[in-house]
Each structure stands twice: as C-alpha cells, then as structure tokens.
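> One structure, as structure tokens, below. Some questions next.
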Amino acid sequence: MEPSVREPLVRKTSSSYRTFPESAGKRLDKEYLQSLHNKRLYLAVFAAVLGNFSFGFALVYPSPVIPALEAHPSPALRLDQHTASWFGSVFTLGAAAGGLSTMLLNDRLGRKLSIMFSAVPSAVGYALMAGAQGIGMLLLGRVLTGYAGGVTSASIPVYISEISHPGVRGMLGACPQIMAVLGSLILYALGKYLRLVLDWRWLAVAGEVPVLTMIILLCFMPNSPRFLLSKGKEDEAMVSLCWLRGKDTDYAREYEQIKDSVRKQNRRVSCAEIKDPFIYKPILIAVGMRFLQQLSGVTCVLVYLQSIFKKTSVILKPEYDAALVGLVRLFSVAIAAVSMDKAGRKILLFVSAGVMLVSNLTMGLYIHFVPASQNGTIANKTLASSANLPVEPTNYITLIPLLATMFFIMGYAMGWGPITWLLMSEILPLKARGVASGLCVVVSWLTAFTLTQFFLRVVEAFGLEVPFLFFAVICAGNILFTGCCVPETKGRSLEQIEAFFRTGRRSFMR
C-alpha cells in the first residue's frame, strides 16, 4: 500500500482522503467560510457547554467549602479528616457512574437529550447541598452533581464535534474546558476569594443558575445530524445541518458525505468487531489519554488547591492564590483554543506534558529539600487538617510552589486538558462513539476518585512531595504516549479520521 494512502493524517493528504472532489474544492471552501459566520452554530455550542460550566463549578466546590465546614459550629455538618476526604472525592465516583450510564444514553436518547437529562441530577444535587442538615445530604449532593458531570463529560464533546465544521472544530472543541475553567473561577470569586461574601449554602444555590439556563436554551437547539442519520431520520438531519451551516451554503454536499459514512457503519458495534483495529485502536488511544490525563494529578491539585497552598505557606493568602491559578488556567485554555487549529493537536500535547513534568518535579523537589521552617510545612499533618493552621510566610522562596502550580495548570490547560476531550470525540468511530465516550469517562473518573481518595493518605504517610514526584513520572509517560500513539487530526473531517484508522497502518501503534 502506498504511503500517501497509509498515512493521510501525518503526511500530505491524498486525493483518496479529500472530503470533497477537487473540482468543487475552491467553491466549497468559499461557501464554508460563509458558514463559519453562521451564529447559530456558536449558539448551539454555548448552550451545550453551560453543562461544562456547571461541572467546573461543582468540581472545585470543596476547595472553599471544606475549610468552612471543618470549623462549622454544628457537629452534624462539621467535617473531620475522613469525611473531608470523602467530600472531596465522592464527586468523581458519581462522575464515573454518569459516564457508565452515558454508554447507553448517548446512543438511545442522543447527544442533546443526554445533556438535557444531566440537568435533573445536577439541580437536585445542588438543592441537597444548599439545604443540607447533615453530612449525608452533602455527600449525596456531591454524588448527584458528579453524576451529572459524568454525563456531560461524555456527551458534550461528542455533540460539539458532530455539529462543528472541521475548520473550527479545534476551537469549539476547547470550549468545554474554557467553560469548566470559568465555572471554577466564578466559584473562587463567589467563595469570598475576591471579597464577595457568599455562604457555602448560597454557593450551591448559585450552581443552579447555569443548569436551568442550559436546559432552556437546549430546547431550541438541533440534535446532531450524524445521530439523526444513524436513527434513519434523514429529513430531520437535513434540517439540522441547514440550521447549523446556513441556507446560503452548500450543506447538501456535507450531508451526502455524512450520510454515506453513516450508511457504512449504521449497526451498533458488536463484540466480534472489537477485534477490528478500526474499532479498538481509537478506543485504546482515547481511553489511554483519559487515564494518563488523570494520573498527571490535575484533579487532586484542583480539589485540594487551597489546602496545598496553606501547607506550603506561599507568600500570598491561599484564597488569592487559588483565584490567580484559576485566571492562569482560563488564559491558557484560551490560548489552546486559538492555536489548536493552527499549530495542531500533537505539538500542544508535547508542550503541555513538558511543562507539567517540569512543574511537578519542581514542586516535589522544593517540598523535599526546603526546610520545614522555611516552607511552612508540618510533618505528618494531612492537607485536610492543615487548612486550620496559621500561615506566616517568612521568605520569598515560598513563591516557588505558587509558580510551580501556576505553570502546571497552564501546561495542563493548553494541552492535556482540552485536547484529550477533543481527540476522544474526533477519533472514536461513529458506531462506537456513544459507548466508547462513556467508557472513557468511566476510566477517567474512577482514576480521579482513586487518586483523590489516596492523595491525603499518601501525604500523611510519606509527605506531600511523593505525589508530585509521581505525577512528574506520569507526565514523562504522557510525552512518550503522544509521540507513539496519538494521530494529528488538525483540519480533518470526522469521516477522514475514520478512514485513517480503517487503512490498518501497522506502524501506528509503534
């Protein structure tokens, strides 16, 4: 087989993989440039990613709430080390359950209805936390908001990739991460970080706002044309694509291309087909990326961010440090959104993993070598209990953990944060996309749950430097995985990407 046919994503694109015939190329490109100005596409994406905003808000909810509940006057609501650990980690267990259910929901209800369905457990969960009379209600609220987050994590990236034009799919694919970061940053602001007084109960009430807005807007948005075609609803699919692209574009050509691709794989994936490299290779890559993303330590850092800063006694107050890191994260994701369709996915993954490697290594070595009297750490104290310790920074060297954390978040947010979700939705074959995306979320959040559960115990037993040195080793593995296994999908249609895996290129997994 000729190289130009075997490697369409890493070399020059052959005519076999052109989305449209050569004769129609220039005219179609001009019409598609017009379609990029169709505001309806961006409105549909905005309506969907409000679910990610709620997810980011709920994920870091414990960061300001754990210190407040550790000092709560009511014994029924007061958190100790054990309950604080569960309050921080049980969200990820709910998210894993949400991802598991999405393996069924994505293909039965569709992408849009699955996102809308997530609003129910999310709204109930926030209501339970707002009116909590005991720790049990708090934990149940965290499980339900986590479940909703798991559903949206699997559904929203797929929905966005299936409705987006290839020319802006990278930018729009970064929007879920941007909104998740914005949700976290808003929570930091409302949680007294920017001197806006809002009690922990009212923080939960505030979480209801994006959920209700999302479900109202999605009522007026179309479903994915690819999903509609897979269900035999051709007329609805045509109307949906026309709405998303605009009446003045030649959307009929894209419709025929999508229809042809769906026709080839309209049946659901069977157990026998799992052995086909066209099916198992993209699934292994997507699952591997989600697994390595969580092992890099981002969830632990975000959930216990304020407590980590208190333990390392950085030079600023932990509240302002957390808000500053949130701003850095938002800025970095915005950079990734702008550059993803220009620089490509792989180069950003390499840079991202490299920055995270250096940051985690710096953090681990700083904690290990800087004397406790200088960095403010206290031996054999867990992060949960250290939230009540007085912070008295005595040296500007304590800026090191702040800068290391900022660069870690920056590296994550410009690559391994948004791109893993985008690639998941791009490389998975249509017939397995619903099930496989749910599997990715299950693996991701089970890994996150395990890490957040054992993080505090490892810190208590071995010190705070051990987890960060472990995360550094994982980041080195991320670099190797990117070089050996991840394809470049910049500028390719979903149909072209599927054709790439269908070629059976043997060197792909080397």
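If you're wondering about the labels, chains in the structure tokens are A, B, ... by order shown, residues count from 1 in each chain, ligands from 1 in order shown.
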Would you pick out the contacts of region 122-136 of chain A at 10 Å or less, using only C-alpha atoms, so that residues sharing its chain but fewer than 2 positions from it are not included, and give the list as number ranges by chain?
A: 51, 54-55, 58, 69, 74-79, 83-84, 87, 117-120, 138-149, 199-212
> Near Leu428 (chain A), within 10 Å and counting only C-alpha atoms, which residues show up once chain neighbours fewer than 2 positions away are dropped, as a list in words?
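The residues satisfying every condition are Val158, Phe278, Ile279, Tyr280, Lys281, Pro282, Ile283, Leu284, Ile285, Ala286, Leu423, Met424, Ser425, Glu426, Leu430, Lys431, Ala432, Arg433, Gly434, Val435, Ala436, Ser437, Leu494, Ile497, Glu498 and Phe501 of chain A.
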> Next, dump the selected residues to file, keeping only N, CA, C and O atoms, as a compact mmCIF listing (two decimals), in the first residue's frame.

# COMPACT_ATOMS: atom_id res chain seq x y z
N VAL A 158 -18.80 15.03 22.24
CA VAL A 158 -19.30 14.32 21.05
C VAL A 158 -20.29 15.20 20.30
O VAL A 158 -20.25 15.29 19.07
N PHE A 278 -9.75 -0.94 13.33
CA PHE A 278 -10.54 0.27 13.08
C PHE A 278 -11.36 0.66 14.31
O PHE A 278 -11.63 1.83 14.55
N ILE A 279 -11.72 -0.33 15.14
CA ILE A 279 -12.52 -0.08 16.34
C ILE A 279 -11.63 0.05 17.57
O ILE A 279 -11.71 1.04 18.32
N TYR A 280 -10.75 -0.94 17.80
CA TYR A 280 -10.07 -0.96 19.11
C TYR A 280 -8.92 0.04 19.21
O TYR A 280 -8.62 0.52 20.31
N LYS A 281 -8.27 0.38 18.09
CA LYS A 281 -7.14 1.32 18.20
C LYS A 281 -7.59 2.71 18.67
O LYS A 281 -7.02 3.25 19.63
N PRO A 282 -8.58 3.33 18.02
CA PRO A 282 -9.00 4.64 18.54
C PRO A 282 -9.56 4.59 19.96
O PRO A 282 -9.37 5.52 20.74
N ILE A 283 -10.21 3.47 20.32
CA ILE A 283 -10.74 3.36 21.67
C ILE A 283 -9.59 3.28 22.68
O ILE A 283 -9.62 3.95 23.73
N LEU A 284 -8.58 2.49 22.38
CA LEU A 284 -7.43 2.38 23.28
C LEU A 284 -6.71 3.71 23.43
O LEU A 284 -6.27 4.08 24.53
N ILE A 285 -6.58 4.44 22.32
CA ILE A 285 -5.91 5.74 22.39
C ILE A 285 -6.71 6.71 23.25
O ILE A 285 -6.17 7.40 24.12
N ALA A 286 -8.04 6.77 23.02
CA ALA A 286 -8.88 7.68 23.78
C ALA A 286 -8.89 7.33 25.27
O ALA A 286 -8.76 8.22 26.13
N LEU A 423 -9.91 15.04 21.14
CA LEU A 423 -9.49 13.86 20.40
C LEU A 423 -10.41 12.67 20.65
O LEU A 423 -10.66 11.86 19.76
N MET A 424 -10.92 12.55 21.86
CA MET A 424 -11.87 11.48 22.16
C MET A 424 -13.06 11.54 21.21
O MET A 424 -13.49 10.53 20.65
N SER A 425 -13.60 12.74 21.03
CA SER A 425 -14.77 12.89 20.18
C SER A 425 -14.43 12.83 18.69
O SER A 425 -15.29 12.55 17.87
N GLU A 426 -13.15 13.06 18.35
CA GLU A 426 -12.75 13.05 16.94
C GLU A 426 -12.41 11.66 16.43
O GLU A 426 -12.79 11.29 15.31
N LEU A 430 -18.04 6.27 14.58
CA LEU A 430 -19.42 6.65 14.85
C LEU A 430 -20.20 5.54 15.52
O LEU A 430 -20.94 5.78 16.48
N LYS A 431 -20.05 4.29 15.05
CA LYS A 431 -20.85 3.20 15.59
C LYS A 431 -20.50 2.88 17.05
O LYS A 431 -21.30 2.27 17.75
N ALA A 432 -19.31 3.29 17.49
CA ALA A 432 -18.90 3.04 18.88
C ALA A 432 -18.77 4.31 19.69
O ALA A 432 -18.36 4.26 20.85
N ARG A 433 -19.12 5.46 19.09
CA ARG A 433 -18.84 6.74 19.73
C ARG A 433 -19.59 6.92 21.04
O ARG A 433 -19.04 7.39 22.03
N GLY A 434 -20.86 6.54 21.07
CA GLY A 434 -21.64 6.70 22.29
C GLY A 434 -21.13 5.84 23.42
O GLY A 434 -20.91 6.30 24.54
N VAL A 435 -20.90 4.56 23.14
CA VAL A 435 -20.44 3.63 24.17
C VAL A 435 -19.00 3.95 24.59
O VAL A 435 -18.68 3.99 25.79
N ALA A 436 -18.14 4.18 23.61
CA ALA A 436 -16.72 4.39 23.91
C ALA A 436 -16.48 5.70 24.66
O ALA A 436 -15.61 5.76 25.53
N SER A 437 -17.24 6.74 24.34
CA SER A 437 -17.07 8.00 25.07
C SER A 437 -17.47 7.84 26.52
O SER A 437 -16.83 8.39 27.43
N LEU A 494 -14.38 14.27 10.33
CA LEU A 494 -14.53 13.04 11.10
C LEU A 494 -14.49 11.82 10.20
O LEU A 494 -14.00 10.76 10.59
N ILE A 497 -10.88 11.01 9.39
CA ILE A 497 -10.21 10.38 10.53
C ILE A 497 -10.60 8.91 10.62
O ILE A 497 -9.74 8.05 10.88
N GLU A 498 -11.87 8.60 10.40
CA GLU A 498 -12.30 7.20 10.41
C GLU A 498 -11.61 6.42 9.29
O GLU A 498 -11.22 5.26 9.47
N PHE A 501 -8.02 5.28 10.30
CA PHE A 501 -7.93 4.07 11.12
C PHE A 501 -8.35 2.83 10.34
O PHE A 501 -7.89 1.73 10.62
> Give the helix (DSSP H, G or I) residues of region 39-143 of chain A, as assigned by DSSP on the backbone, as a VMD selection string.
chain A and resid 39 to 59 62 to 70 81 to 108 111 to 117 119 to 130 135 to 143
> At a cut-off of 7 Å, using only C-alpha atoms, what residues contact region 330-338 of chain A? Leave out same-chain residues fewer than 5 positions from it and give the result as an NGL selection string.
:A and (170-171 or 174 or 177-178 or 181-182 or 410 or 413-415)
> Would you save the residues from that selection as a short mmCIF file (atom, residue, chain, number, x, y, z; two decimals), in the first residue's frame, using all heavy atoms?

data_model
loop_
_atom_site.label_atom_id
_atom_site.label_comp_id
_atom_site.auth_asym_id
_atom_site.auth_seq_id
_atom_site.Cartn_x
_atom_site.Cartn_y
_atom_site.Cartn_z
N GLY A 170 -11.47 22.46 16.30
CA GLY A 170 -10.49 22.55 17.38
C GLY A 170 -10.82 23.67 18.35
O GLY A 170 -10.79 23.48 19.56
N MET A 171 -11.16 24.83 17.81
CA MET A 171 -11.51 25.96 18.67
C MET A 171 -12.76 25.67 19.49
O MET A 171 -12.79 25.88 20.70
CB MET A 171 -11.73 27.20 17.81
CG MET A 171 -12.12 28.44 18.61
SD MET A 171 -12.53 29.86 17.55
CE MET A 171 -14.09 29.32 16.85
N ALA A 174 -12.37 23.20 22.31
CA ALA A 174 -11.75 23.69 23.54
C ALA A 174 -12.75 24.42 24.43
O ALA A 174 -12.45 24.69 25.60
CB ALA A 174 -10.59 24.62 23.20
N GLN A 177 -13.61 22.98 27.99
CA GLN A 177 -12.60 23.26 29.01
C GLN A 177 -12.62 24.71 29.44
O GLN A 177 -12.46 25.02 30.63
CB GLN A 177 -11.21 22.89 28.48
CG GLN A 177 -10.81 21.45 28.69
CD GLN A 177 -10.58 21.12 30.16
OE1 GLN A 177 -9.87 21.82 30.86
NE2 GLN A 177 -11.17 20.04 30.63
N ILE A 178 -12.82 25.61 28.49
CA ILE A 178 -12.89 27.04 28.83
C ILE A 178 -14.02 27.29 29.80
O ILE A 178 -13.87 27.99 30.82
CB ILE A 178 -13.06 27.90 27.55
CG1 ILE A 178 -11.79 27.85 26.70
CG2 ILE A 178 -13.41 29.34 27.92
CD1 ILE A 178 -11.91 28.62 25.40
N VAL A 181 -13.30 25.82 33.27
CA VAL A 181 -12.37 26.71 33.99
C VAL A 181 -13.09 27.96 34.47
O VAL A 181 -12.88 28.41 35.61
CB VAL A 181 -11.18 27.08 33.09
CG1 VAL A 181 -10.30 28.12 33.76
CG2 VAL A 181 -10.36 25.85 32.75
N LEU A 182 -13.93 28.51 33.63
CA LEU A 182 -14.67 29.72 34.01
C LEU A 182 -15.60 29.41 35.18
O LEU A 182 -15.75 30.23 36.10
CB LEU A 182 -15.47 30.23 32.81
CG LEU A 182 -16.14 31.60 32.97
CD1 LEU A 182 -15.10 32.67 33.26
CD2 LEU A 182 -16.94 31.95 31.72
N MET A 410 -1.17 25.86 33.81
CA MET A 410 -1.02 26.43 32.47
C MET A 410 -0.72 25.33 31.45
O MET A 410 -1.33 25.28 30.37
CB MET A 410 0.10 27.47 32.45
CG MET A 410 0.33 28.11 31.09
SD MET A 410 1.76 29.23 31.09
CE MET A 410 1.21 30.48 32.23
N ALA A 413 -3.83 23.13 30.96
CA ALA A 413 -4.95 23.80 30.30
C ALA A 413 -4.69 24.07 28.82
O ALA A 413 -5.64 24.25 28.06
CB ALA A 413 -5.25 25.12 31.02
N MET A 414 -3.44 24.11 28.39
CA MET A 414 -3.17 24.39 26.98
C MET A 414 -2.98 23.12 26.15
O MET A 414 -2.73 23.21 24.95
CB MET A 414 -1.93 25.28 26.85
CG MET A 414 -0.63 24.64 27.26
SD MET A 414 0.76 25.82 27.19
CE MET A 414 0.78 26.23 25.45
N GLY A 415 -3.11 21.95 26.78
CA GLY A 415 -2.92 20.73 26.01
C GLY A 415 -3.70 19.55 26.52
O GLY A 415 -4.76 19.21 26.01
#
> Neighbouring residues of Leu109 (chain A) were defined as those with any atom within 12 Å, considering only C-alpha atoms; residues of the same chain fewer than 4 positions away were excluded. Please report them as a PyMOL selection string.
chain A and resi 101-105+113-118+155+223-224+227-228+231+434
> Selected residues, N, CA, C and O atoms, written as a PDB file, in the first residue's frame, please.

ATOM      1  N   SER A 101     -23.481   5.329  32.640  1.00  0.00           N
ATOM      2  CA  SER A 101     -24.851   5.411  32.112  1.00  0.00           C
ATOM      3  C   SER A 101     -24.887   6.050  30.729  1.00  0.00           C
ATOM      4  O   SER A 101     -25.768   5.736  29.919  1.00  0.00           O
ATOM      5  N   THR A 102     -23.922   6.919  30.437  1.00  0.00           N
ATOM      6  CA  THR A 102     -23.891   7.582  29.136  1.00  0.00           C
ATOM      7  C   THR A 102     -23.560   6.600  28.017  1.00  0.00           C
ATOM      8  O   THR A 102     -23.875   6.856  26.848  1.00  0.00           O
ATOM      9  N   MET A 103     -22.932   5.481  28.349  1.00  0.00           N
ATOM     10  CA  MET A 103     -22.672   4.458  27.351  1.00  0.00           C
ATOM     11  C   MET A 103     -23.980   3.986  26.727  1.00  0.00           C
ATOM     12  O   MET A 103     -24.013   3.559  25.567  1.00  0.00           O
ATOM     13  N   LEU A 104     -25.058   4.074  27.483  1.00  0.00           N
ATOM     14  CA  LEU A 104     -26.386   3.731  26.977  1.00  0.00           C
ATOM     15  C   LEU A 104     -27.144   4.964  26.496  1.00  0.00           C
ATOM     16  O   LEU A 104     -27.752   4.960  25.423  1.00  0.00           O
ATOM     17  N   LEU A 105     -27.082   6.047  27.277  1.00  0.00           N
ATOM     18  CA  LEU A 105     -27.864   7.245  26.969  1.00  0.00           C
ATOM     19  C   LEU A 105     -27.460   7.897  25.644  1.00  0.00           C
ATOM     20  O   LEU A 105     -28.319   8.360  24.883  1.00  0.00           O
ATOM     21  N   LEU A 113     -30.236  15.257  24.080  1.00  0.00           N
ATOM     22  CA  LEU A 113     -31.130  14.866  25.170  1.00  0.00           C
ATOM     23  C   LEU A 113     -30.348  14.333  26.366  1.00  0.00           C
ATOM     24  O   LEU A 113     -30.786  14.483  27.511  1.00  0.00           O
ATOM     25  N   SER A 114     -29.200  13.719  26.126  1.00  0.00           N
ATOM     26  CA  SER A 114     -28.367  13.262  27.240  1.00  0.00           C
ATOM     27  C   SER A 114     -27.860  14.448  28.050  1.00  0.00           C
ATOM     28  O   SER A 114     -27.828  14.407  29.287  1.00  0.00           O
ATOM     29  N   ILE A 115     -27.464  15.501  27.346  1.00  0.00           N
ATOM     30  CA  ILE A 115     -27.011  16.714  28.049  1.00  0.00           C
ATOM     31  C   ILE A 115     -28.152  17.317  28.852  1.00  0.00           C
ATOM     32  O   ILE A 115     -27.976  17.722  30.013  1.00  0.00           O
ATOM     33  N   MET A 116     -29.347  17.362  28.254  1.00  0.00           N
ATOM     34  CA  MET A 116     -30.501  17.910  28.962  1.00  0.00           C
ATOM     35  C   MET A 116     -30.866  17.053  30.167  1.00  0.00           C
ATOM     36  O   MET A 116     -31.252  17.578  31.216  1.00  0.00           O
ATOM     37  N   PHE A 117     -30.751  15.741  30.018  1.00  0.00           N
ATOM     38  CA  PHE A 117     -31.059  14.831  31.126  1.00  0.00           C
ATOM     39  C   PHE A 117     -30.159  15.114  32.330  1.00  0.00           C
ATOM     40  O   PHE A 117     -30.585  14.974  33.493  1.00  0.00           O
ATOM     41  N   SER A 118     -28.901  15.504  32.077  1.00  0.00           N
ATOM     42  CA  SER A 118     -27.958  15.751  33.177  1.00  0.00           C
ATOM     43  C   SER A 118     -28.411  16.877  34.088  1.00  0.00           C
ATOM     44  O   SER A 118     -27.938  16.980  35.234  1.00  0.00           O
ATOM     45  N   SER A 155     -21.023  13.429  26.810  1.00  0.00           N
ATOM     46  CA  SER A 155     -21.981  13.829  25.774  1.00  0.00           C
ATOM     47  C   SER A 155     -21.601  15.121  25.060  1.00  0.00           C
ATOM     48  O   SER A 155     -21.730  15.214  23.834  1.00  0.00           O
ATOM     49  N   ASN A 223     -30.487  18.545  17.205  1.00  0.00           N
ATOM     50  CA  ASN A 223     -29.674  17.397  17.563  1.00  0.00           C
ATOM     51  C   ASN A 223     -28.572  17.221  16.534  1.00  0.00           C
ATOM     52  O   ASN A 223     -28.579  17.871  15.487  1.00  0.00           O
ATOM     53  N   SER A 224     -27.639  16.343  16.820  1.00  0.00           N
ATOM     54  CA  SER A 224     -26.527  16.091  15.908  1.00  0.00           C
ATOM     55  C   SER A 224     -27.028  15.456  14.614  1.00  0.00           C
ATOM     56  O   SER A 224     -27.770  14.457  14.657  1.00  0.00           O
ATOM     57  N   PHE A 227     -26.180  11.760  14.464  1.00  0.00           N
ATOM     58  CA  PHE A 227     -27.028  10.910  15.290  1.00  0.00           C
ATOM     59  C   PHE A 227     -28.391  10.707  14.632  1.00  0.00           C
ATOM     60  O   PHE A 227     -28.918   9.590  14.617  1.00  0.00           O
ATOM     61  N   LEU A 228     -28.959  11.771  14.088  1.00  0.00           N
ATOM     62  CA  LEU A 228     -30.261  11.654  13.443  1.00  0.00           C
ATOM     63  C   LEU A 228     -30.212  10.704  12.256  1.00  0.00           C
ATOM     64  O   LEU A 228     -31.126   9.895  12.043  1.00  0.00           O
ATOM     65  N   LYS A 231     -30.275   7.104  13.155  1.00  0.00           N
ATOM     66  CA  LYS A 231     -31.601   6.640  13.548  1.00  0.00           C
ATOM     67  C   LYS A 231     -32.582   6.654  12.375  1.00  0.00           C
ATOM     68  O   LYS A 231     -33.782   6.428  12.560  1.00  0.00           O
ATOM     69  N   GLY A 434     -20.864   6.535  21.072  1.00  0.00           N
ATOM     70  CA  GLY A 434     -21.638   6.703  22.288  1.00  0.00           C
ATOM     71  C   GLY A 434     -21.132   5.843  23.423  1.00  0.00           C
ATOM     72  O   GLY A 434     -20.907   6.302  24.541  1.00  0.00           O
TER      73      GLY A 434
END
